[in-house]
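Shown next, in structure tokens, is the structure this report addresses.
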Amino acid sequence: MATAPSPHPGPNPGAQAGGQPDPQLKKRTMRKVALRLAPFLGLLYFVNYLDRTNIGFAGPNGMNEDLGLTATTFGLASGLFFIGYLILEVPSNLALHKFGARRWIARILVTWGIVASLIAFVPGAGTLYILRLLLGIAEAGFFPGIILYLTFWFPKADRARAVALFMLAIPLSSVIGAPLSALLIQHGHDLLFGLAGWRFMFLIEGVPAVLLGFMCWFYLTDRPRDAAWLEPEERDWLQAEMDAEEEATATSFHVPVSASLRSGRIWALSFVYFGVVYGLYAISFFLPTIIAGFQERFGVTYTIMQKGLLTAIPFVFAAVLMLVWARHGDRTRERVWHVVIPTAVAAIVIPITTVVSSPFLAMVCVSIFASGVMCALACFWPLPTAFLSGAGAASGVALINSVGNTSGFFGPYITGFLADKTGSQQAGMWAISAALVLAIVLTLVVGALPKRSSALASNDPAAPEVGV
């Protein structure tokens with residue numbers, strides 16, 4: 001196994017004469033890394049996203065009726081996950097940085113899988129609230145931990161595509177997860193322990209997280225220097241490349257933990273993420289309910305399986321467009337407009353969903369919206385990781401994700417509250433649009449990189465914040 005590079009590495013071991021890296025070595029190495037990590041990490045996120053959002057499919061298919069939930073209390077149950085998530089996000093990501101991804105991600109998976117399965121046995125709304133809160137605590141640190149982990153393996157020029165491949169699990173969790181959940185609900189009724197179909201779904205969908213947690217221990221590698229599945233020259237080149245990038249980032253934008261937690265720029269990016277994720281979770285939790293509402297609004301009738309397939313349609317388009325958009329962002333090296341443009345499209349189209357005259361047009365609008373949100377999310381994370389490194393990256397990324405994901409509480413709750421108060425989904429869709437406009441404005445204000453590297457890292461309380 002290759003030894004770790006020195007803190008100040010010499011020429012990259014994969015470099016040709018003149019200091020340029022061997023393109024074949026780079027291509028071969030990054031292909032191996034992508035094939036090794038992207039499918040597995042994507043599978044983890046698929047299970048993660050399914051376990052946090054399958055409540056959206058359970059609600060209109062028996063859970064709300066059995067537990068006596070209104071649209072408001074259903075939104076509260078959905079969103080309480082993110083309160084627990086917020087509490088432990090930053091400490092969890094710092095623990096991952098200290099103990100290593102392999103150990104910490106394995107711990108997260110096992111604990112959240114156990115809690116997710118226990119939701120099958122809730123006797124009432126109060127217990128559901130508690131377990132949703134505990135599920136968020138168990139999952140805290142997973143998503144920002146993976147984002148941080150990707151910065152150990154993928155150079156900045158390849159990062160948007162790496163994030164997009166990982167986040168492909170979001171649309172796939174709807175494309176595959178919605179029909180899967182429908183099958184489990186439809187055919188799982190009284191199949192095991194006399195459980196209702198929605199309870200059977202929760203029980204079965206929590207098990208893969210536990211199994212994958214044990215797999216993480218043996219499959220993941222903390223850093224390139226430890227990768228026995230790479231050739232020695234590939235390990236040496238990639239570790240030297242990542243060390244050089246981290247050293248350059250730390251030199252230009254040295255951001256210690258304390259500075260990352262009080263930086264105006266990082267807080268602004270947190271609210272950019274809040275706005276975009278608000279739209280994602282509001283639609284993810286309530287799309288099955290919206291589709292169920294088509295039956296009354298348009299006079300149509302759907303089976304549980306048809307509802308599942310309709311829920312999947314918008315995310316099929318989102319998956320394809322997200323990969324294309326992220327690849328374009330990496331190729332052009334432009335980040336700000338790659339967030340702003342799809343967010344603007346989503347903000348414009350979502351209110352139209354409630355006034356169109358047919359289910360087909362409504363699904364077209366939702367598909368455009370989902371594609372816009374997913375494209376923006378894939379291109380967002382290269383913005384903060386361009387100037388964060390080391391423990392500052394662990395805390396900064398976790399802060400952005402935790403603040404941003406509070407929208408996972410507010411989005412479903414406000415959408416449900418407005419639906420109860422107004423009797424329609426229209427006000428909730430306008431609230432989503434407003435959150436997206438907030439994200440657009442803040443992205444344009446913040447820009448791509450800090451303007452002054454010294455101010456962000458300064459320990460002087462009087463020093464101005466950077467780029468804000």
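Identifiers in this document derive from the order of the structure tokens: chains are assigned A, B, ..., residues are numbered from 1 separately in each chain, and ligands are numbered from 1 in order of occurrence.
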
For this session: Just the residues within 9 Å of Ile291 (chain A), please, counting only C-alpha atoms, with nothing from its chain fewer than 5 positions along; format it as JSON, numbers by chain.
Result: {"A": [286, 302, 307, 310, 311, 359, 363]}

For this session: List the neighbours of Ala318 (chain A) out to 9 Å using only C-alpha atoms; skip same-chain residues closer than 3 positions along the sequence, and give me the result as an MDAnalysis selection string.
Result: chainID A and resid 168 171 313:315 321:323 367:375

Problem set entry | Polymer residues at most 12 Å from Gly126 (chain A), only C-alpha atoms, same-chain spacing of 3 or more positions, as a VMD selection string | chain A and resid 67 to 69 73 to 74 76 to 77 80 119 122 to 123 129 to 133

Problem set entry | Between CA of Gly75 (chain A) and CA of Thr289 (chain A), distance in Å (one decimal) |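 Going from CA of Gly75 (chain A) over to CA of Thr289 (chain A) covers 11.4 Å.
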
All residues 7 Å or closer to Tyr49 (chain A), only C-alpha atoms, same chain fewer than 3 positions away omitted, as a compact mmCIF listing (two decimals) with N, CA and C atoms, in the first residue's frame:
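Output file out.txt is given in full below:
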# COMPACT_ATOMS: atom_id res chain seq x y z
N TYR A 45 -27.74 6.55 -0.87
CA TYR A 45 -28.61 7.72 -0.85
C TYR A 45 -30.02 7.36 -1.33
N PHE A 46 -30.13 6.40 -2.26
CA PHE A 46 -31.44 5.92 -2.68
C PHE A 46 -32.23 5.41 -1.48
N ARG A 52 -36.68 8.49 4.20
CA ARG A 52 -37.12 9.76 4.79
C ARG A 52 -38.38 10.29 4.11
N THR A 53 -38.67 9.85 2.88
CA THR A 53 -39.82 10.39 2.14
C THR A 53 -40.94 9.39 1.90
N ILE A 170 -31.98 10.66 -5.81
CA ILE A 170 -33.23 11.36 -5.46
C ILE A 170 -34.31 11.06 -6.50
N SER A 173 -35.22 7.38 -6.48
CA SER A 173 -36.01 6.93 -5.34
C SER A 173 -37.50 7.10 -5.62

Exercise. Any idea what's packed within 8 Å of Cys379 (chain A), counting only C-alpha atoms, ignoring anything in its chain fewer than 3 positions away? Could you give it as a PyMOL selection string?
Worked result: chain A and resi 160+163-164+326+329+335+338-339+375-376+382-383

Keeping only N, CA, C and O atoms, write the selected residues as a JSON list (two decimals), in the first residue's frame.
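And here's part31.json as it stands now:
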[["chain", "number", "residue", "atom", "x", "y", "z"],
["A", 160, "ALA", "N", -19.04, 18.50, -9.92],
["A", 160, "ALA", "CA", -20.49, 18.61, -10.18],
["A", 160, "ALA", "C", -21.03, 17.30, -10.72],
["A", 160, "ALA", "O", -22.12, 16.84, -10.34],
["A", 163, "VAL", "N", -21.25, 14.82, -7.83],
["A", 163, "VAL", "CA", -22.42, 15.10, -6.99],
["A", 163, "VAL", "C", -23.69, 14.69, -7.70],
["A", 163, "VAL", "O", -24.61, 14.12, -7.10],
["A", 164, "ALA", "N", -23.76, 14.95, -9.01],
["A", 164, "ALA", "CA", -24.96, 14.59, -9.78],
["A", 164, "ALA", "C", -25.17, 13.08, -9.79],
["A", 164, "ALA", "O", -26.30, 12.60, -9.65],
["A", 326, "ALA", "N", -25.22, 19.03, -15.11],
["A", 326, "ALA", "CA", -24.00, 18.98, -14.28],
["A", 326, "ALA", "C", -22.76, 18.82, -15.15],
["A", 326, "ALA", "O", -21.72, 19.43, -14.88],
["A", 329, "GLY", "N", -21.96, 22.11, -16.55],
["A", 329, "GLY", "CA", -21.36, 22.97, -15.54],
["A", 329, "GLY", "C", -19.89, 22.68, -15.32],
["A", 329, "GLY", "O", -19.06, 23.59, -15.18],
["A", 335, "ARG", "N", -20.52, 28.22, -12.31],
["A", 335, "ARG", "CA", -21.35, 27.63, -11.26],
["A", 335, "ARG", "C", -22.61, 28.44, -10.94],
["A", 335, "ARG", "O", -23.67, 27.86, -10.74],
["A", 338, "HIS", "N", -25.52, 28.20, -13.39],
["A", 338, "HIS", "CA", -26.00, 26.82, -13.44],
["A", 338, "HIS", "C", -26.89, 26.49, -12.25],
["A", 338, "HIS", "O", -27.60, 25.48, -12.27],
["A", 339, "VAL", "N", -26.86, 27.34, -11.22],
["A", 339, "VAL", "CA", -27.83, 27.23, -10.13],
["A", 339, "VAL", "C", -29.03, 28.12, -10.40],
["A", 339, "VAL", "O", -30.19, 27.72, -10.23],
["A", 375, "CYS", "N", -31.50, 19.94, -11.17],
["A", 375, "CYS", "CA", -30.35, 20.55, -11.86],
["A", 375, "CYS", "C", -29.66, 21.57, -10.97],
["A", 375, "CYS", "O", -28.43, 21.65, -10.91],
["A", 376, "ALA", "N", -30.45, 22.37, -10.25],
["A", 376, "ALA", "CA", -29.87, 23.37, -9.35],
["A", 376, "ALA", "C", -29.11, 22.72, -8.20],
["A", 376, "ALA", "O", -28.01, 23.15, -7.84],
["A", 382, "PRO", "N", -20.66, 22.40, -5.70],
["A", 382, "PRO", "CA", -19.34, 22.93, -6.06],
["A", 382, "PRO", "C", -19.09, 24.37, -5.61],
["A", 382, "PRO", "O", -17.93, 24.80, -5.54],
["A", 383, "LEU", "N", -20.14, 25.13, -5.29],
["A", 383, "LEU", "CA", -19.94, 26.51, -4.80],
["A", 383, "LEU", "C", -19.24, 26.53, -3.44],
["A", 383, "LEU", "O", -18.18, 27.15, -3.31]]

For this session: Determine, counting only C-alpha atoms, which protein, DNA and RNA residues have an atom within 9 Å of an atom of Asp222 (chain A); residues of the same chain fewer than 2 positions away are not included. Present the result as a ChimeraX atom specification.
Result: /A:100-102,149,152,220,224-227

Exercise. How many Å separate CA of Leu361 (chain A) from CA of Leu309 (chain A)?
Worked result: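 One can read the CA of Leu361 (chain A) to CA of Leu309 (chain A) distance as 16.3 Å.
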
Problem set entry | Using only C-alpha atoms: which of A:Ile87, A:Ala386, A:Ala38, A:Leu287 has the shortest distance to Glu245 (chain A) |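 Selected residue with least distance to Glu245 (chain A): A:Ala386.
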
Problem set entry | Residue nearest Gly197 (chain A) among A:Ala138, A:Ala268, A:Leu184, A:Trp237 (counting only C-alpha atoms) |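 Checking each of A:Ala138, A:Ala268, A:Leu184, A:Trp237 against Gly197 (chain A), counting only C-alpha atoms, the winner is A:Leu184.
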
Problem set entry | Selected residue, from A:Thr72, A:Ser433, A:Thr221, A:Asn93, that lies nearest to Leu41 (chain A) when counting only C-alpha atoms |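 Counting only C-alpha atoms, the residue closest to Leu41 (chain A) is A:Thr221.
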